[in-house]
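Here is the file coords.txt (compact mmCIF, C-alpha atoms).
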# COMPACT_ATOMS: atom_id res chain seq x y z
CA MET A 408 12.57 -14.26 35.29
CA ALA A 409 12.78 -11.70 32.48
CA GLY A 410 11.24 -8.29 33.03
CA PRO A 411 8.55 -6.83 30.76
CA VAL A 412 10.94 -5.00 28.41
CA VAL A 413 13.11 -8.05 27.84
CA GLU A 414 10.04 -10.23 27.40
CA ILE A 415 8.49 -7.92 24.79
CA VAL A 416 11.74 -7.69 22.85
CA LYS A 417 12.26 -11.45 23.04
CA GLN A 418 8.73 -12.13 21.78
CA THR A 419 9.31 -9.68 18.92
CA LEU A 420 12.59 -11.33 17.94
CA ASP A 421 11.02 -14.79 18.13
CA ALA A 422 8.16 -13.68 15.86
CA ILE A 423 10.59 -12.18 13.35
CA GLU A 424 12.71 -15.32 13.22
CA HIS A 425 9.63 -17.52 12.92
CA ARG A 426 7.94 -15.59 10.12
CA ASN A 427 10.71 -13.79 8.24
CA GLY A 428 11.60 -16.80 6.12
CA ASN A 429 8.27 -16.35 4.35
CA LEU A 430 8.04 -12.55 4.41
CA ASN A 431 11.69 -11.62 3.72
CA ALA A 432 11.20 -8.32 5.54
CA PHE A 433 14.49 -8.41 7.46
CA VAL A 434 17.97 -8.82 6.03
CA LYS A 435 19.53 -8.89 9.50
CA VAL A 436 17.97 -9.71 12.88
CA MET A 437 20.09 -8.17 15.66
CA ARG A 438 19.05 -10.59 18.39
CA ASP A 439 22.03 -10.39 20.73
CA GLY A 440 22.32 -6.61 20.54
CA ALA A 441 18.59 -6.10 20.97
CA LEU A 442 18.40 -8.33 24.05
CA ALA A 443 21.41 -6.57 25.56
CA GLU A 444 19.71 -3.19 24.96
CA ALA A 445 16.51 -4.53 26.52
CA GLU A 446 18.36 -5.67 29.63
CA GLN A 447 19.94 -2.23 30.03
CA LEU A 448 16.52 -0.60 29.68
CA GLU A 449 15.09 -3.04 32.21
CA ARG A 450 17.59 -1.82 34.78
CA LYS A 451 16.46 1.75 34.10
CA THR A 452 12.86 0.66 34.68
CA GLU A 453 13.82 -0.63 38.10
CA GLY A 454 15.65 2.56 39.03
CA ALA A 455 14.63 6.17 39.51
CA VAL A 456 15.64 7.18 36.00
CA GLU A 457 13.24 9.06 33.75
CA LEU A 458 12.19 6.77 30.93
CA GLY A 459 12.19 7.79 27.28
CA PRO A 460 8.97 8.02 25.26
CA LEU A 461 9.93 4.90 23.26
CA HIS A 462 11.18 2.94 26.25
CA GLY A 463 11.52 -0.71 25.19
CA VAL A 464 9.79 -0.31 21.81
CA PRO A 465 11.36 -2.61 19.18
CA ILE A 466 12.05 -0.73 15.95
CA ALA A 467 13.31 -1.91 12.56
CA VAL A 468 15.70 0.15 10.44
CA LYS A 469 15.75 0.31 6.64
CA ASP A 470 19.06 -1.04 5.41
CA ILE A 471 20.26 2.19 3.84
CA ILE A 472 20.50 3.72 7.34
CA ASP A 473 23.64 3.13 9.42
CA VAL A 474 23.47 1.08 12.61
CA ALA A 475 26.80 0.91 14.43
CA GLY A 476 28.54 -2.44 14.01
CA GLU A 477 26.38 -3.52 11.05
CA VAL A 478 27.04 -3.38 7.33
CA THR A 479 24.70 -0.96 5.54
CA GLY A 480 23.73 -3.25 2.69
CA CYS A 481 21.52 -0.88 0.64
CA GLY A 482 19.71 -3.93 -0.77
CA SER A 483 22.68 -4.54 -3.06
CA LEU A 484 25.21 -7.25 -3.83
CA THR A 485 27.66 -4.42 -4.48
CA ARG A 486 27.83 -3.84 -0.70
CA ARG A 487 28.94 -7.36 0.18
CA GLY A 488 32.28 -7.09 1.92
CA ALA A 489 31.69 -3.48 2.95
CA ALA A 490 32.93 -2.46 6.38
CA PRO A 491 30.38 -2.19 9.19
CA ALA A 492 29.16 1.28 10.12
CA VAL A 493 31.26 2.87 12.86
CA HIS A 494 28.47 5.09 14.17
CA ASP A 495 24.69 5.06 14.32
CA ALA A 496 22.96 7.34 11.85
CA HIS A 497 21.82 10.56 13.50
CA VAL A 498 18.19 9.40 13.53
CA VAL A 499 19.05 5.96 14.96
CA ALA A 500 21.01 7.59 17.78
CA LYS A 501 18.00 9.77 18.60
CA LEU A 502 15.68 6.76 18.70
CA ARG A 503 18.03 4.92 21.02
CA GLU A 504 18.21 7.96 23.31
CA ALA A 505 14.41 7.78 23.54
CA GLY A 506 14.59 4.14 24.67
CA ALA A 507 13.93 2.33 21.38
CA VAL A 508 15.46 -1.10 20.81
CA ILE A 509 16.85 -1.75 17.33
CA ALA A 510 15.53 -5.18 16.32
CA GLY A 511 17.20 -5.43 12.92
CA LYS A 512 17.76 -4.11 9.41
CA THR A 513 15.02 -4.34 6.79
CA ASN A 514 15.02 -5.13 3.10
CA THR A 515 14.97 -2.31 0.55
CA VAL A 516 14.91 -1.67 -3.14
CA GLU A 517 18.52 -1.44 -4.22
CA TYR A 518 19.90 2.00 -3.29
CA ALA A 519 16.30 3.07 -2.60
CA LEU A 520 15.33 3.70 -6.23
CA GLY A 521 12.02 1.99 -6.98
CA GLY A 522 8.36 2.18 -5.98
CA TYR A 523 7.22 -1.42 -6.39
CA GLY A 524 9.48 -2.74 -3.63
CA THR A 525 11.01 -5.37 -5.90
CA ASN A 526 14.60 -6.54 -5.51
CA VAL A 527 15.78 -8.99 -8.16
CA THR A 528 19.08 -9.83 -6.46
CA ILE A 529 18.34 -10.34 -2.75
CA GLY A 530 14.63 -11.06 -3.08
CA THR A 531 11.40 -9.09 -2.94
CA PRO A 532 9.59 -9.00 0.44
CA ARG A 533 6.14 -10.55 0.44
CA ASN A 534 3.14 -8.34 1.03
CA PRO A 535 1.54 -9.83 4.19
CA TRP A 536 -2.05 -9.31 2.99
CA ASP A 537 -2.08 -12.20 0.51
CA LEU A 538 -0.97 -15.69 1.55
CA ARG A 539 -1.39 -17.22 -1.92
CA THR A 540 -0.09 -14.65 -4.39
CA HIS A 541 3.25 -12.89 -4.02
CA ARG A 542 2.23 -9.24 -4.23
CA VAL A 543 4.43 -6.16 -4.21
CA PRO A 544 5.11 -4.57 -0.81
CA GLY A 545 5.76 -1.10 -2.21
CA GLY A 546 9.11 0.61 -2.21
CA SER A 547 11.62 1.55 -1.61
CA SER A 548 11.15 0.98 2.16
CA SER A 549 9.72 -2.45 1.36
CA GLY A 550 10.96 -4.45 4.33
CA SER A 551 9.94 -1.77 6.80
CA GLY A 552 6.43 -1.71 5.35
CA VAL A 553 6.12 -5.51 5.55
CA ALA A 554 7.62 -5.66 9.06
CA VAL A 555 5.11 -3.14 10.43
CA GLY A 556 2.17 -4.23 8.28
CA ALA A 557 2.61 -7.87 9.29
CA GLY A 558 2.85 -6.94 12.97
CA LEU A 559 6.44 -8.12 13.39
CA VAL A 560 7.40 -4.76 14.92
CA PRO A 561 5.28 -1.82 16.04
CA ALA A 562 7.41 0.70 14.16
CA ALA A 563 10.22 1.14 11.65
CA LEU A 564 12.37 3.71 9.89
CA GLY A 565 12.08 4.35 6.17
CA THR A 566 13.26 6.96 3.71
CA ASP A 567 11.20 8.87 1.16
CA THR A 568 12.56 10.46 -2.03
CA GLY A 569 9.45 10.08 -4.18
CA GLY A 570 7.04 8.10 -2.01
CA SER A 571 9.27 5.44 -0.46
CA VAL A 572 7.74 5.68 3.03
CA ARG A 573 4.15 6.30 1.94
CA ILE A 574 3.86 3.68 -0.83
CA PRO A 575 4.84 0.63 1.29
CA SER A 576 2.77 2.02 4.15
CA ALA A 577 -0.23 2.23 1.80
CA LEU A 578 0.21 -1.23 0.29
CA CYS A 579 1.01 -2.96 3.59
CA GLY A 580 -1.67 -1.27 5.72
CA CYS A 581 0.32 0.95 8.07
CA VAL A 582 0.94 4.63 8.76
CA GLY A 583 3.92 6.40 7.19
CA LEU A 584 5.10 10.02 7.26
CA LYS A 585 7.14 11.74 4.55
CA THR A 586 8.73 14.38 6.76
CA SER A 587 9.56 17.95 5.79
CA ILE A 588 13.09 18.15 4.50
CA GLY A 589 15.20 19.70 7.25
CA PHE A 590 13.03 18.27 10.03
CA VAL A 591 14.97 15.03 10.53
CA GLY A 592 18.74 14.76 10.11
CA ARG A 593 20.07 12.54 7.31
CA THR A 594 23.64 11.94 8.48
CA GLY A 595 24.42 8.23 8.19
CA VAL A 596 21.81 7.59 5.49
CA ALA A 597 22.99 6.39 2.07
CA PRO A 598 22.06 9.23 -0.30
CA LEU A 599 19.99 9.05 -3.45
CA SER A 600 19.00 12.70 -3.98
CA VAL A 601 20.15 15.49 -1.68
CA ARG A 602 17.38 17.64 -3.17
CA LEU A 603 14.62 15.20 -2.23
CA ASP A 604 15.72 12.62 0.38
CA THR A 605 13.91 12.51 3.73
CA VAL A 606 13.82 10.06 6.64
CA GLY A 607 10.43 9.16 8.10
CA PRO A 608 8.67 6.98 10.67
CA MET A 609 6.38 4.06 9.84
CA ALA A 610 4.11 2.53 12.47
CA ARG A 611 0.88 0.66 13.16
CA ASP A 612 -0.95 3.81 14.23
CA VAL A 613 -0.71 7.58 14.09
CA ARG A 614 0.20 8.09 17.75
CA THR A 615 3.23 5.81 17.53
CA THR A 616 4.24 7.60 14.32
CA ALA A 617 3.92 10.96 16.08
CA THR A 618 5.91 9.76 19.08
CA MET A 619 8.71 8.62 16.77
CA LEU A 620 8.71 11.98 14.99
CA SER A 621 8.82 13.85 18.30
CA VAL A 622 12.16 12.24 19.18
CA MET A 623 13.62 12.26 15.65
CA ILE A 624 13.33 16.01 14.96
CA GLY A 625 16.01 18.57 15.66
CA PRO A 626 19.31 19.89 14.34
CA ASP A 627 21.84 17.48 12.85
CA PRO A 628 25.31 19.10 12.89
CA GLU A 629 26.31 17.22 9.73
CA ASP A 630 23.13 17.93 7.74
CA ARG A 631 22.89 21.55 6.65
CA SER A 632 19.22 21.18 5.71
CA THR A 633 18.39 21.12 9.43
CA GLY A 634 20.12 24.46 10.03
CA HIS A 635 16.94 26.54 9.81
CA ASP A 636 15.16 28.67 12.39
CA ARG A 637 11.95 26.60 12.41
CA HIS A 638 12.72 24.37 15.37
CA ILE A 639 9.75 22.39 16.64
CA ARG A 640 9.79 21.10 20.20
CA PRO A 641 8.91 17.43 20.79
CA GLN A 642 5.78 18.45 22.67
CA ASP A 643 4.64 20.47 19.64
CA VAL A 644 4.21 17.19 17.75
CA LEU A 645 2.02 15.56 20.39
CA ASP A 646 0.20 18.34 22.27
CA ARG A 647 -2.64 18.84 19.76
CA LEU A 648 -2.71 15.35 18.27
CA GLU A 649 -6.22 14.65 19.59
CA ASP A 650 -7.74 18.04 18.76
CA GLY A 651 -9.65 16.87 15.69
CA VAL A 652 -10.46 18.63 12.41
CA ALA A 653 -13.57 20.69 13.20
CA GLY A 654 -13.39 23.98 11.32
CA MET A 655 -10.46 22.93 9.15
CA ARG A 656 -10.45 23.53 5.39
CA LEU A 657 -9.39 20.46 3.43
CA GLY A 658 -8.69 20.44 -0.29
CA ARG A 659 -9.62 17.54 -2.52
CA LEU A 660 -8.64 16.75 -6.09
CA ASP A 661 -11.18 16.35 -8.86
CA ASP A 662 -11.55 12.78 -10.14
CA ARG A 663 -10.06 13.89 -13.45
CA GLU A 664 -6.86 14.82 -11.61
CA LEU A 665 -6.36 11.23 -10.40
CA PRO A 666 -5.03 9.17 -13.31
CA LEU A 667 -4.85 5.39 -12.89
CA ALA A 668 -7.19 5.31 -9.87
CA SER A 669 -9.29 2.17 -9.64
CA ASP A 670 -13.02 2.43 -9.06
CA GLU A 671 -12.55 1.07 -5.54
CA VAL A 672 -9.93 3.68 -4.70
CA ARG A 673 -12.14 6.46 -6.05
CA ALA A 674 -15.08 5.23 -3.96
CA ASP A 675 -12.88 4.92 -0.87
CA TYR A 676 -11.60 8.46 -1.42
CA ARG A 677 -15.14 9.84 -1.60
CA HIS A 678 -16.06 7.96 1.56
CA ALA A 679 -13.03 9.39 3.40
CA LEU A 680 -13.94 12.92 2.34
CA GLY A 681 -17.46 12.37 3.68
CA MET A 682 -16.00 11.23 7.00
CA PHE A 683 -14.04 14.47 7.30
CA GLU A 684 -17.18 16.50 6.64
CA GLU A 685 -18.99 14.56 9.36
CA LEU A 686 -16.10 15.45 11.70
CA GLY A 687 -16.70 19.15 11.05
CA ALA A 688 -14.14 19.90 8.32
CA ARG A 689 -15.01 21.83 5.17
CA VAL A 690 -13.99 20.07 1.97
CA ALA A 691 -13.62 21.85 -1.36
CA VAL A 692 -11.93 21.22 -4.70
CA CYS A 693 -8.27 22.21 -4.84
CA LYS A 694 -6.42 22.48 -8.14
CA LEU A 695 -2.65 22.02 -8.36
CA PRO A 696 -0.79 24.31 -10.80
CA GLU A 697 0.37 21.29 -12.79
CA ARG A 698 -0.99 17.81 -13.41
CA LEU A 699 0.44 15.10 -11.19
CA GLU A 700 2.19 13.48 -14.16
CA GLY A 701 4.37 16.56 -14.60
CA TYR A 702 5.62 16.45 -11.03
CA GLN A 703 6.15 12.70 -11.30
CA SER A 704 8.34 13.09 -14.37
CA ALA A 705 10.43 15.87 -12.78
CA VAL A 706 11.14 13.81 -9.66
CA GLY A 707 12.12 10.83 -11.82
CA LYS A 708 14.67 12.99 -13.62
CA ILE A 709 16.07 14.46 -10.41
CA ALA A 710 16.40 11.05 -8.70
CA SER A 711 18.06 9.48 -11.75
CA LEU A 712 20.39 12.44 -12.15
CA GLU A 713 21.52 12.55 -8.53
CA GLY A 714 21.56 8.77 -8.16
CA TYR A 715 23.86 8.50 -11.15
CA GLY A 716 26.07 11.21 -9.68
CA VAL A 717 26.48 9.28 -6.42
CA TYR A 718 26.79 5.75 -7.83
CA LYS A 719 28.38 6.48 -11.21
CA GLU A 720 31.09 3.84 -10.89
CA LEU A 721 28.56 1.10 -10.23
CA VAL A 722 26.16 2.27 -12.92
CA ASP A 723 28.77 2.55 -15.66
CA ASN A 724 30.06 -0.96 -14.99
CA PRO A 725 27.51 -3.57 -16.19
CA HIS A 726 29.38 -6.20 -14.17
CA SER A 727 29.33 -4.30 -10.86
CA GLY A 728 26.51 -6.41 -9.44
CA LEU A 729 24.02 -3.55 -9.52
CA ALA A 730 20.67 -5.01 -10.55
CA GLU A 731 19.72 -4.13 -14.11
CA PRO A 732 16.34 -2.45 -13.35
CA VAL A 733 17.98 -0.02 -10.91
CA ARG A 734 21.01 0.43 -13.14
CA GLN A 735 18.79 1.43 -16.05
CA ARG A 736 16.89 3.94 -13.91
CA MET A 737 20.13 5.58 -12.81
CA LEU A 738 21.57 5.46 -16.34
CA ALA A 739 18.74 7.75 -17.39
CA GLY A 740 20.45 10.45 -15.35
CA LYS A 741 23.69 10.13 -17.29
CA GLY A 742 22.21 11.69 -20.40
CA ILE A 743 20.88 14.81 -18.68
CA THR A 744 22.93 17.80 -19.81
CA ALA A 745 24.16 20.72 -17.72
CA ALA A 746 21.65 22.97 -19.46
CA GLN A 747 18.82 20.57 -18.60
CA ILE A 748 19.95 20.46 -14.97
CA GLU A 749 19.92 24.24 -14.82
CA GLU A 750 16.45 24.26 -16.37
CA LEU A 751 15.19 21.64 -13.90
CA ASP A 752 16.51 23.63 -10.94
CA ALA A 753 15.12 26.93 -12.25
CA ARG A 754 11.72 25.38 -12.81
CA ARG A 755 11.70 23.84 -9.35
CA ARG A 756 12.65 27.15 -7.73
CA ARG A 757 9.68 28.77 -9.46
CA ASP A 758 7.37 25.94 -8.39
CA LEU A 759 8.58 26.07 -4.79
CA GLY A 760 7.83 29.77 -4.79
CA ALA A 761 4.23 28.98 -5.70
CA VAL A 762 3.62 26.47 -2.89
CA GLN A 763 1.87 29.01 -0.68
CA SER A 764 -0.70 29.71 -3.40
CA ILE A 765 -1.44 25.96 -3.69
CA PHE A 766 -2.50 25.87 -0.04
CA GLU A 767 -4.25 29.23 -0.07
CA GLY A 768 -7.59 28.68 1.61
CA PHE A 769 -6.70 25.15 2.80
CA ASP A 770 -5.09 23.67 5.89
CA ALA A 771 -4.28 20.45 4.04
CA ILE A 772 -4.90 18.59 0.79
CA VAL A 773 -6.18 15.01 0.89
CA LEU A 774 -5.98 12.43 -1.86
CA PRO A 775 -5.37 8.70 -2.21
CA THR A 776 -1.84 7.57 -1.42
CA VAL A 777 -1.68 5.10 -4.32
CA PRO A 778 -4.00 4.58 -7.30
CA PHE A 779 -4.71 0.88 -6.69
CA PRO A 780 -3.85 -1.87 -4.18
CA ALA A 781 -0.85 -4.18 -4.32
CA MET A 782 -0.40 -5.99 -7.64
CA PRO A 783 1.16 -9.44 -8.12
CA VAL A 784 4.94 -9.34 -8.52
CA VAL A 785 4.67 -11.16 -11.85
CA GLU A 786 2.75 -8.20 -13.31
CA VAL A 787 5.42 -5.61 -12.50
CA ASP A 788 6.83 -3.53 -15.34
CA GLU A 789 10.10 -2.10 -14.00
CA THR A 790 10.09 0.66 -16.62
CA THR A 791 7.00 2.28 -15.09
CA ALA A 792 6.21 3.82 -11.68
CA PRO A 793 2.43 3.80 -11.20
CA TYR A 794 2.54 3.68 -7.41
CA ALA A 795 4.43 6.99 -7.31
CA ALA A 796 1.75 8.79 -9.33
CA TYR A 797 0.24 10.51 -6.27
CA THR A 798 3.30 10.78 -4.03
CA ARG A 799 6.15 12.37 -5.99
CA TRP A 800 4.61 15.85 -6.11
CA VAL A 801 4.96 16.04 -2.33
CA ASN A 802 8.74 15.57 -2.55
CA TYR A 803 9.05 17.89 -5.53
CA LEU A 804 7.23 20.74 -3.77
CA ASP A 805 9.09 20.13 -0.50
CA VAL A 806 5.98 19.64 1.62
CA ALA A 807 5.00 16.84 4.02
CA GLY A 808 2.65 13.89 3.51
CA LEU A 809 1.09 11.26 5.77
CA ALA A 810 -0.28 7.91 4.57
CA VAL A 811 -3.05 6.41 6.73
CA PRO A 812 -4.85 3.11 6.05
CA SER A 813 -8.44 3.77 5.01
CA ALA A 814 -10.17 0.48 4.12
CA LEU A 815 -9.72 -2.92 2.53
CA SER A 816 -10.54 -3.61 -1.10
CA LYS A 817 -12.92 -6.40 -2.10
CA ALA A 818 -9.84 -8.59 -2.50
CA GLY A 819 -8.85 -7.86 1.10
CA LEU A 820 -5.96 -5.52 0.25
CA PRO A 821 -5.27 -2.19 2.00
CA MET A 822 -6.19 1.18 0.53
CA SER A 823 -4.81 4.41 1.94
CA LEU A 824 -5.51 8.13 2.34
CA GLN A 825 -2.73 10.72 1.97
CA ILE A 826 -2.77 13.98 3.93
CA VAL A 827 -0.48 16.68 2.53
CA VAL A 828 0.50 19.83 4.44
CA ARG A 829 2.91 22.73 4.10
CA ARG A 830 6.56 22.26 4.99
CA PHE A 831 7.06 21.99 8.75
CA ASP A 832 3.32 21.41 9.33
CA ASP A 833 4.03 17.71 9.92
CA PRO A 834 2.26 17.79 13.34
CA LEU A 835 -0.88 19.06 11.59
CA ALA A 836 -0.83 16.12 9.15
CA LEU A 837 -0.59 13.77 12.12
CA ARG A 838 -3.48 15.52 13.89
CA ILE A 839 -5.69 15.19 10.80
CA GLY A 840 -4.60 11.59 10.34
CA ARG A 841 -5.40 10.81 13.96
CA ALA A 842 -8.92 12.23 13.60
CA PHE A 843 -9.47 10.10 10.50
CA GLU A 844 -8.03 7.02 12.20
CA LYS A 845 -10.38 7.39 15.17
CA ALA A 846 -13.41 7.86 12.92
CA ARG A 847 -12.41 4.89 10.76
CA GLY A 848 -12.05 2.53 13.71
CA GLU A 849 -9.55 -0.24 14.28
CA PHE A 850 -7.92 -1.40 11.07
CA PRO A 851 -7.93 -5.19 10.41
CA ARG A 852 -4.81 -7.32 10.77
CA PRO A 853 -3.43 -9.17 7.74
CA PRO A 854 -3.92 -12.92 7.39
CA ALA A 855 -0.16 -13.44 7.40

Would you write the structure of this file as structure tokens?
Amino acid sequence: MAGPVVEIVKQTLDAIEHRNGNLNAFVKVMRDGALAEAEQLERKTEGAVELGPLHGVPIAVKDIIDVAGEVTGCGSLTRRGAAPAVHDAHVVAKLREAGAVIAGKTNTVEYALGGYGTNVTIGTPRNPWDLRTHRVPGGSSSGSGVAVGAGLVPAALGTDTGGSVRIPSALCGCVGLKTSIGFVGRTGVAPLSVRLDTVGPMARDVRTTATMLSVMIGPDPEDRSTGHDRHIRPQDVLDRLEDGVAGMRLGRLDDRELPLASDEVRADYRHALGMFEELGARVAVCKLPERLEGYQSAVGKIASLEGYGVYKELVDNPHSGLAEPVRQRMLAGKGITAAQIEELDARRRRDLGAVQSIFEGFDAIVLPTVPFPAMPVVEVDETTAPYAAYTRWVNYLDVAGLAVPSALSKAGLPMSLQIVVRRFDDPLALRIGRAFEKARGEFPRPPA
């Protein structure tokens, strides 16, 4: 008779294989490897070995992150025939050390450049909150968002360059953390922008997200961004998670600073702010130095520029197999001159120097994660990026942001609150998110 770890993993794998044909969240289910891992963990359970904080928890991995023995497909036909990864990515190795079981690889926007979650070559995952209309899952960590939002797995890994953890978390009804750059090692992750790329956890609830972060943080010998002196201990992430927000100062944006927001999202935002005040926080208007559209444009240029630099050979060849929407986004980086690059970097250095003044008087800034719920796939305009309107500034200013489900729209689609904190204050974002989650109550499950 199978033990509890094996049984949980088996049930998870069975659910994935039963439902993935409709959802298209996973590109590879690692059944044999996952069951073998579960059996090894079961033996540890029976012994006198100290168990890891994620002992037996099935986790999905976005398919731009290396898993040993598996091809890293990057959501692209251009990777067919590529050799399997020799080693786990740094972050995958850390999750395994903590007892996690890798259930499989999840779908992604090709080379992680896109906020809708669409993939015109290998298929767009289906948002689990609508059984009749194929709605966008959010990107680029689309499959991870669907896998967690649909309840296939309790947690997953995503990456975030301009919102790619937070957007699918918001649209699929789960929690997602854009980590501080330098907090989580990026070795073994296919790059898009070394200036902006981060790896982050996605989960059903804040505590699971925090537990994942606690085991993911720490120096990565191959990632120089982690070579700083701000080392947070795992217990620092969890110790004050339940301490609430009483006495905290939270910044909010004026309605005029939230372009594209639907009436429902605006009302939900006001309701969330009222909840924080009832919990003892002080809420006041916070003004960013620049409008959100300015930050959004700058991140688009940086991602296109660096993406083109990494994947130039694919982008320049119209027959490479790279999907045209992604190819066009990267091609935009080809025309950026050296002088423009220098200007972009100089401007960003100035803006990063002003981050402290943005948070002056505030512990965190709260705003909606996305301006409106998931739209039908048929309405997508690949030349626009509306879902990144409220997320890209977080990457640009090198701070951290947490997406937490807030409520359902009248159409039964998730809405989400975003909690933004200074770099390396990720545990504080989780603490605030946990207080909000408790006050909100249990979030509904999707019909799918």

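For the pair CA of Pro544 (chain A) and CA of Ala510 (chain A), the interatomic distance is 20.1 Å.
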
Distance table requested - region 777-815 of chain A against region 681-703 of chain A, cut-off 8 Å, all atoms listed in the file: one row per qualifying residue with the closest atom pair and its distance in Å to one decimal, ordered by chain and rising residue number, as CSV.
residue,atom,partner,partner_atom,distance
A:Ala795,CA,A:Gln703,CA,7.2
A:Ala796,CA,A:Gln703,CA,6.2
A:Tyr797,CA,A:Leu699,CA,6.7
A:Arg799,CA,A:Gln703,CA,5.3
A:Trp800,CA,A:Tyr702,CA,5.1
A:Tyr803,CA,A:Tyr702,CA,6.6

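For the residues A:Gly546, A:Ile743, A:His462, A:Leu804, ranking by smallest atom-to-atom distance to Ser764 (chain A) using all atoms listed in the file places A:Leu804 first.
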
Item to complete: Find, counting all atoms listed in the file, the residue in A:Arg663, A:Arg673, A:Arg852, A:His635 that gets nearest to Phe779 (chain A).
Response: A:Arg673

May I have a table of the residues of region 421-527 of chain A lying at most 9 Å from region 551-567 of chain A, giving each one's closest pair of atoms and their distance in Å to one decimal, counting only C-alpha atoms, ordered by chain and ascending residue number, as JSON lines?
{"residue": "A:Ala422", "atom": "CA", "partner": "A:Leu559", "partner_atom": "CA", "distance": 6.3}
{"residue": "A:Ile423", "atom": "CA", "partner": "A:Leu559", "partner_atom": "CA", "distance": 5.8}
{"residue": "A:Arg426", "atom": "CA", "partner": "A:Leu559", "partner_atom": "CA", "distance": 8.3}
{"residue": "A:Asn427", "atom": "CA", "partner": "A:Ala554", "partner_atom": "CA", "distance": 8.7}
{"residue": "A:Leu430", "atom": "CA", "partner": "A:Val553", "partner_atom": "CA", "distance": 7.4}
{"residue": "A:Asn431", "atom": "CA", "partner": "A:Val553", "partner_atom": "CA", "distance": 8.5}
{"residue": "A:Ala432", "atom": "CA", "partner": "A:Ala554", "partner_atom": "CA", "distance": 5.7}
{"residue": "A:Phe433", "atom": "CA", "partner": "A:Ala554", "partner_atom": "CA", "distance": 7.6}
{"residue": "A:Val464", "atom": "CA", "partner": "A:Pro561", "partner_atom": "CA", "distance": 7.5}
{"residue": "A:Pro465", "atom": "CA", "partner": "A:Val560", "partner_atom": "CA", "distance": 6.2}
{"residue": "A:Ile466", "atom": "CA", "partner": "A:Ala563", "partner_atom": "CA", "distance": 5.0}
{"residue": "A:Ala467", "atom": "CA", "partner": "A:Ala563", "partner_atom": "CA", "distance": 4.4}
{"residue": "A:Val468", "atom": "CA", "partner": "A:Leu564", "partner_atom": "CA", "distance": 4.9}
{"residue": "A:Lys469", "atom": "CA", "partner": "A:Gly565", "partner_atom": "CA", "distance": 5.5}
{"residue": "A:Asp470", "atom": "CA", "partner": "A:Gly565", "partner_atom": "CA", "distance": 8.9}
{"residue": "A:Ile471", "atom": "CA", "partner": "A:Thr566", "partner_atom": "CA", "distance": 8.5}
{"residue": "A:Ile472", "atom": "CA", "partner": "A:Leu564", "partner_atom": "CA", "distance": 8.5}
{"residue": "A:Val498", "atom": "CA", "partner": "A:Leu564", "partner_atom": "CA", "distance": 8.9}
{"residue": "A:Val499", "atom": "CA", "partner": "A:Leu564", "partner_atom": "CA", "distance": 8.7}
{"residue": "A:Ala510", "atom": "CA", "partner": "A:Val560", "partner_atom": "CA", "distance": 8.3}
{"residue": "A:Lys512", "atom": "CA", "partner": "A:Ser551", "partner_atom": "CA", "distance": 8.6}
{"residue": "A:Thr513", "atom": "CA", "partner": "A:Ser551", "partner_atom": "CA", "distance": 5.7}
{"residue": "A:Asn514", "atom": "CA", "partner": "A:Ser551", "partner_atom": "CA", "distance": 7.1}
{"residue": "A:Thr515", "atom": "CA", "partner": "A:Ser551", "partner_atom": "CA", "distance": 8.0}
{"residue": "A:Ala519", "atom": "CA", "partner": "A:Thr566", "partner_atom": "CA", "distance": 8.0}

Those residues with C-alpha atoms, as a PDB file, in the frame of the given file please?
ATOM      1  CA  ALA A 422       8.160 -13.680  15.860  1.00  0.00           C
ATOM      2  CA  ILE A 423      10.590 -12.180  13.350  1.00  0.00           C
ATOM      3  CA  ARG A 426       7.940 -15.590  10.120  1.00  0.00           C
ATOM      4  CA  ASN A 427      10.710 -13.790   8.240  1.00  0.00           C
ATOM      5  CA  LEU A 430       8.040 -12.550   4.410  1.00  0.00           C
ATOM      6  CA  ASN A 431      11.690 -11.620   3.720  1.00  0.00           C
ATOM      7  CA  ALA A 432      11.200  -8.320   5.540  1.00  0.00           C
ATOM      8  CA  PHE A 433      14.490  -8.410   7.460  1.00  0.00           C
ATOM      9  CA  VAL A 464       9.790  -0.310  21.810  1.00  0.00           C
ATOM     10  CA  PRO A 465      11.360  -2.610  19.180  1.00  0.00           C
ATOM     11  CA  ILE A 466      12.050  -0.730  15.950  1.00  0.00           C
ATOM     12  CA  ALA A 467      13.310  -1.910  12.560  1.00  0.00           C
ATOM     13  CA  VAL A 468      15.700   0.150  10.440  1.00  0.00           C
ATOM     14  CA  LYS A 469      15.750   0.310   6.640  1.00  0.00           C
ATOM     15  CA  ASP A 470      19.060  -1.040   5.410  1.00  0.00           C
ATOM     16  CA  ILE A 471      20.260   2.190   3.840  1.00  0.00           C
ATOM     17  CA  ILE A 472      20.500   3.720   7.340  1.00  0.00           C
ATOM     18  CA  VAL A 498      18.190   9.400  13.530  1.00  0.00           C
ATOM     19  CA  VAL A 499      19.050   5.960  14.960  1.00  0.00           C
ATOM     20  CA  ALA A 510      15.530  -5.180  16.320  1.00  0.00           C
ATOM     21  CA  LYS A 512      17.760  -4.110   9.410  1.00  0.00           C
ATOM     22  CA  THR A 513      15.020  -4.340   6.790  1.00  0.00           C
ATOM     23  CA  ASN A 514      15.020  -5.130   3.100  1.00  0.00           C
ATOM     24  CA  THR A 515      14.970  -2.310   0.550  1.00  0.00           C
ATOM     25  CA  ALA A 519      16.300   3.070  -2.600  1.00  0.00           C
TER      26      ALA A 519
END

Worksheet item: What gap, in Å, lies between CA of Lys708 (chain A) and CA of Ile748 (chain A)?
Response: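 Result for CA of Lys708 (chain A) versus CA of Ile748 (chain A): 9.2 Å, one decimal.
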